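Q: This is the content of work.cif (mmCIF, C-alpha atoms):
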```cif
data_input
loop_
_atom_site.label_atom_id
_atom_site.label_comp_id
_atom_site.auth_asym_id
_atom_site.auth_seq_id
_atom_site.Cartn_x
_atom_site.Cartn_y
_atom_site.Cartn_z
CA MET A 1 0.00 0.00 0.00
CA ARG A 2 1.08 3.56 -0.60
CA ARG A 3 2.27 5.69 2.28
CA SER A 4 -0.91 7.75 2.31
CA ALA A 5 -3.00 4.58 2.75
CA GLN A 6 -0.65 3.29 5.43
CA ALA A 7 -0.96 6.61 7.25
CA ALA A 8 -4.76 6.41 7.05
CA VAL A 9 -4.63 2.89 8.52
CA ARG A 10 -2.36 4.04 11.37
CA ARG A 11 -4.68 6.98 12.16
CA LEU A 12 -7.73 4.74 12.18
CA GLU A 13 -6.01 2.15 14.35
CA ALA A 14 -5.03 4.87 16.84
CA GLN A 15 -8.55 6.33 16.93
CA ARG A 16 -10.87 3.31 16.83
CA PHE A 17 -8.88 0.09 16.93
CA SER A 18 -5.49 -0.85 18.36
CA PRO A 19 -2.08 -0.19 16.83
CA GLY A 20 -1.08 -2.94 14.40
CA CYS A 21 -4.46 -4.68 14.42
CA LEU A 22 -4.78 -4.64 10.63
CA SER A 23 -1.42 -6.25 10.00
CA GLU A 24 -2.16 -8.80 12.73
CA ALA A 25 -5.56 -9.67 11.26
CA LEU A 26 -4.18 -9.88 7.72
CA GLY A 27 -1.35 -12.06 9.03
CA GLN A 28 -3.82 -14.51 10.61
CA TYR A 29 -5.84 -14.62 7.42
CA GLU A 30 -2.74 -15.22 5.27
CA GLN A 31 -1.39 -17.83 7.69
CA PHE A 32 -4.62 -19.81 7.40
CA LEU A 33 -4.35 -19.70 3.60
CA ARG A 34 -0.70 -20.85 3.62
CA GLN A 35 -1.65 -24.25 4.99
CA PRO A 36 -0.92 -27.17 2.70
CA GLY A 37 -3.59 -29.15 0.94
CA ARG A 38 -6.26 -28.54 -1.65
CA TRP A 39 -9.16 -27.90 0.72
CA LEU A 40 -9.20 -26.00 3.98
CA TYR A 41 -11.88 -26.24 6.63
CA VAL A 42 -12.55 -23.12 8.65
CA PRO A 43 -11.64 -23.80 12.27
CA LEU A 44 -14.14 -22.66 14.90
CA SER A 45 -12.08 -21.23 17.72
CA ASP A 46 -12.65 -19.52 21.05
CA CYS A 47 -9.08 -18.23 20.96
CA PRO A 48 -8.71 -14.90 19.08
CA CYS A 49 -5.16 -15.81 18.04
CA HIS A 50 -6.50 -18.72 15.95
CA ASP A 51 -9.81 -17.26 14.78
CA VAL A 52 -9.59 -16.73 11.03
CA LEU A 53 -13.22 -15.60 10.88
CA GLY A 54 -12.63 -13.02 13.59
CA ALA A 55 -9.53 -11.83 11.74
CA ARG A 56 -11.55 -11.43 8.55
CA ASP A 57 -14.22 -9.55 10.53
CA GLU A 58 -11.53 -7.18 11.82
CA VAL A 59 -10.28 -6.55 8.28
CA GLN A 60 -13.85 -5.85 7.16
CA ALA A 61 -14.38 -3.37 9.99
CA MET A 62 -11.21 -1.55 8.95
CA LEU A 63 -12.28 -1.57 5.30
CA CYS A 64 -15.62 0.00 6.18
CA ALA A 65 -14.03 2.71 8.33
CA LEU A 66 -11.17 3.79 6.05
CA PRO A 67 -11.38 6.76 3.70
CA LEU A 68 -12.20 5.79 0.11
CA SER A 69 -8.70 5.96 -1.38
CA ALA A 70 -7.14 3.89 1.40
CA ARG A 71 -10.09 1.49 1.28
CA ARG A 72 -9.49 0.86 -2.42
CA GLU A 73 -5.84 0.02 -1.81
CA LEU A 74 -6.58 -2.30 1.09
CA ASN A 75 -9.40 -3.89 -0.88
CA ARG A 76 -6.94 -4.93 -3.60
CA VAL A 77 -5.00 -6.94 -1.01
CA VAL A 78 -8.10 -8.34 0.67
CA SER A 79 -9.74 -9.31 -2.63
CA ARG A 80 -6.77 -11.48 -3.53
CA LEU A 81 -6.92 -13.22 -0.13
CA ASP A 82 -10.71 -13.60 -0.33
CA ALA A 83 -10.44 -15.23 -3.74
CA GLU A 84 -7.97 -17.76 -2.33
CA PHE A 85 -10.18 -18.35 0.72
CA GLU A 86 -13.21 -18.95 -1.48
CA ARG A 87 -11.22 -21.22 -3.81
CA ARG A 88 -9.81 -23.38 -1.01
CA THR A 89 -12.87 -23.68 1.22
CA LEU A 90 -16.20 -25.25 0.40
CA PRO A 91 -19.71 -23.82 0.82
CA ASP A 92 -21.61 -25.18 3.80
CA PRO A 93 -25.11 -26.28 2.70
CA HIS A 94 -26.17 -26.34 6.37
CA ALA A 95 -24.81 -22.90 7.30
CA ALA A 96 -28.28 -21.43 7.90
CA ARG A 97 -29.08 -24.09 10.50
CA ARG A 98 -25.61 -23.93 12.04
CA LEU A 99 -25.57 -20.14 12.34
CA PHE A 100 -29.12 -19.30 13.25
CA GLY A 101 -31.00 -22.48 13.98
CA GLY A 102 -32.64 -22.76 10.58
CA TRP A 103 -34.22 -19.31 10.57
CA PHE A 104 -33.69 -18.05 7.06
CA ASP A 105 -34.85 -14.54 7.92
CA ALA A 106 -32.08 -14.10 10.51
CA PRO A 107 -29.56 -11.30 10.00
CA ARG A 108 -27.33 -11.88 7.03
CA TRP A 109 -23.91 -13.29 7.86
CA PRO A 110 -20.80 -12.41 5.83
CA TRP A 111 -20.02 -14.93 3.12
CA TRP A 112 -16.87 -16.18 4.89
CA TYR A 113 -19.06 -17.64 7.66
CA LEU A 114 -20.92 -19.79 5.12
CA ARG A 115 -18.00 -22.16 4.47
CA LEU A 116 -17.52 -25.72 5.78
CA THR A 117 -15.94 -26.02 9.21
CA LYS A 118 -15.28 -29.77 9.02
CA PRO A 119 -15.35 -32.57 6.45
#
```
If you took the structure in this file and wrote it as C-alpha cells, what would it be?

A:
Amino acid sequence: MRRSAQAAVRRLEAQRFSPGCLSEALGQYEQFLRQPGRWLYVPLSDCPCHDVLGARDEVQAMLCALPLSARRELNRVVSRLDAEFERRTLPDPHAARRLFGGWFDAPRWPWWYLRLTKP
C-alpha cells in the first residue's frame, strides 16, 4: 500500500482500533491460507489468536471505516486473499441451520461464515 493509505490505517487504528491490528488480522488470514492441501476447513475457535473468521471480521471493519482511497488500496490486497479463501474452502449447505438455527430470515452473515468447518 502507498504511504498515504498506510498513514490512514495508522490513524484509524489509533482512533478506533489498536495499533497494528490490521497487520495482525491480515497475518492470521494469510497464515490460514498458507496451509498445505487442496481444501481447507474453517476452524471454529474460542481463541482470538487462531480465529480466522474473527480476523476477517476485523479486516472488514477496517475496510468500512477507512477513507475511500485507502479502502481501495486495502481492498486490492483483501480481494486477492478472499479469492484464495473462497477457492480453497467449500460452501456449507447447512450454514443457515448452524448459524441461526434454521431461521432463514435471521440477519445476514458475511459470506466467509458460510463455508464448511469440518469434512

Q: Near Val78 (chain A), counting only C-alpha atoms, which residues have an atom at most 10 Å away, once you skip same-chain residues fewer than 4 positions from it, shown as a VMD selection string?

A: chain A and resid 26 29 to 30 56 59 to 60 63 72 to 74 82 to 84

Q: Report the closest atom pair, with its distance in Å rounded to one decimal, for each residue of region 23-85 of chain A that has an atom no farther than 10 Å from region 4-18 of chain A; count only C-alpha atoms, sort by chain and then rising residue number, and write it as JSON lines.

A:
```
{"residue": "A:Ser23", "atom": "CA", "partner": "A:Val9", "partner_atom": "CA", "distance": 9.8}
{"residue": "A:Glu58", "atom": "CA", "partner": "A:Phe17", "partner_atom": "CA", "distance": 9.3}
{"residue": "A:Ala61", "atom": "CA", "partner": "A:Phe17", "partner_atom": "CA", "distance": 9.5}
{"residue": "A:Met62", "atom": "CA", "partner": "A:Leu12", "partner_atom": "CA", "distance": 7.9}
{"residue": "A:Leu63", "atom": "CA", "partner": "A:Val9", "partner_atom": "CA", "distance": 9.4}
{"residue": "A:Ala65", "atom": "CA", "partner": "A:Leu12", "partner_atom": "CA", "distance": 7.7}
{"residue": "A:Leu66", "atom": "CA", "partner": "A:Ala8", "partner_atom": "CA", "distance": 7.0}
{"residue": "A:Pro67", "atom": "CA", "partner": "A:Ala8", "partner_atom": "CA", "distance": 7.4}
{"residue": "A:Leu68", "atom": "CA", "partner": "A:Ala5", "partner_atom": "CA", "distance": 9.6}
{"residue": "A:Ser69", "atom": "CA", "partner": "A:Ala5", "partner_atom": "CA", "distance": 7.2}
{"residue": "A:Ala70", "atom": "CA", "partner": "A:Ala5", "partner_atom": "CA", "distance": 4.4}
{"residue": "A:Arg71", "atom": "CA", "partner": "A:Ala5", "partner_atom": "CA", "distance": 7.9}
{"residue": "A:Arg72", "atom": "CA", "partner": "A:Ala5", "partner_atom": "CA", "distance": 9.1}
{"residue": "A:Glu73", "atom": "CA", "partner": "A:Ala5", "partner_atom": "CA", "distance": 7.0}
{"residue": "A:Leu74", "atom": "CA", "partner": "A:Ala5", "partner_atom": "CA", "distance": 7.9}
```

Q: Given the PyMOL selection byres ((chain A and resi 111) around 12) and the file above, list the residues it selects as a list in words.

A: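 Against this file, the PyMOL selection byres ((chain A and resi 111) around 12) returns the residues Leu53, Arg56, Asp57, Gln60, Asp82, Ala83, Phe85, Glu86, Thr89, Leu90, Pro91, Asp92, Ala95, Ala96, Leu99, Arg108, Trp109, Pro110, Trp112, Tyr113, Leu114, Arg115 and Leu116 of chain A.
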
Q: Just the number, please: distance in Å from CA of Leu22 (chain A) to CA of Ser45 (chain A), one decimal.

A: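 Interatomic distance here is 19.5 Å.
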
Q: Since I can't run it myself right now, could you work out what the PyMOL selection byres ((chain A and resi 38) around 10) selects here and report it as a PyMOL selection string?

A: chain A and resi 35-37+39-40+87-89

Q: Rounded to one decimal place, report the CA of Cys64 (chain A)-CA of Pro19 (chain A) distance in Å.

A: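 We find that CA of Cys64 (chain A) and CA of Pro19 (chain A) lie 17.2 Å from each other.
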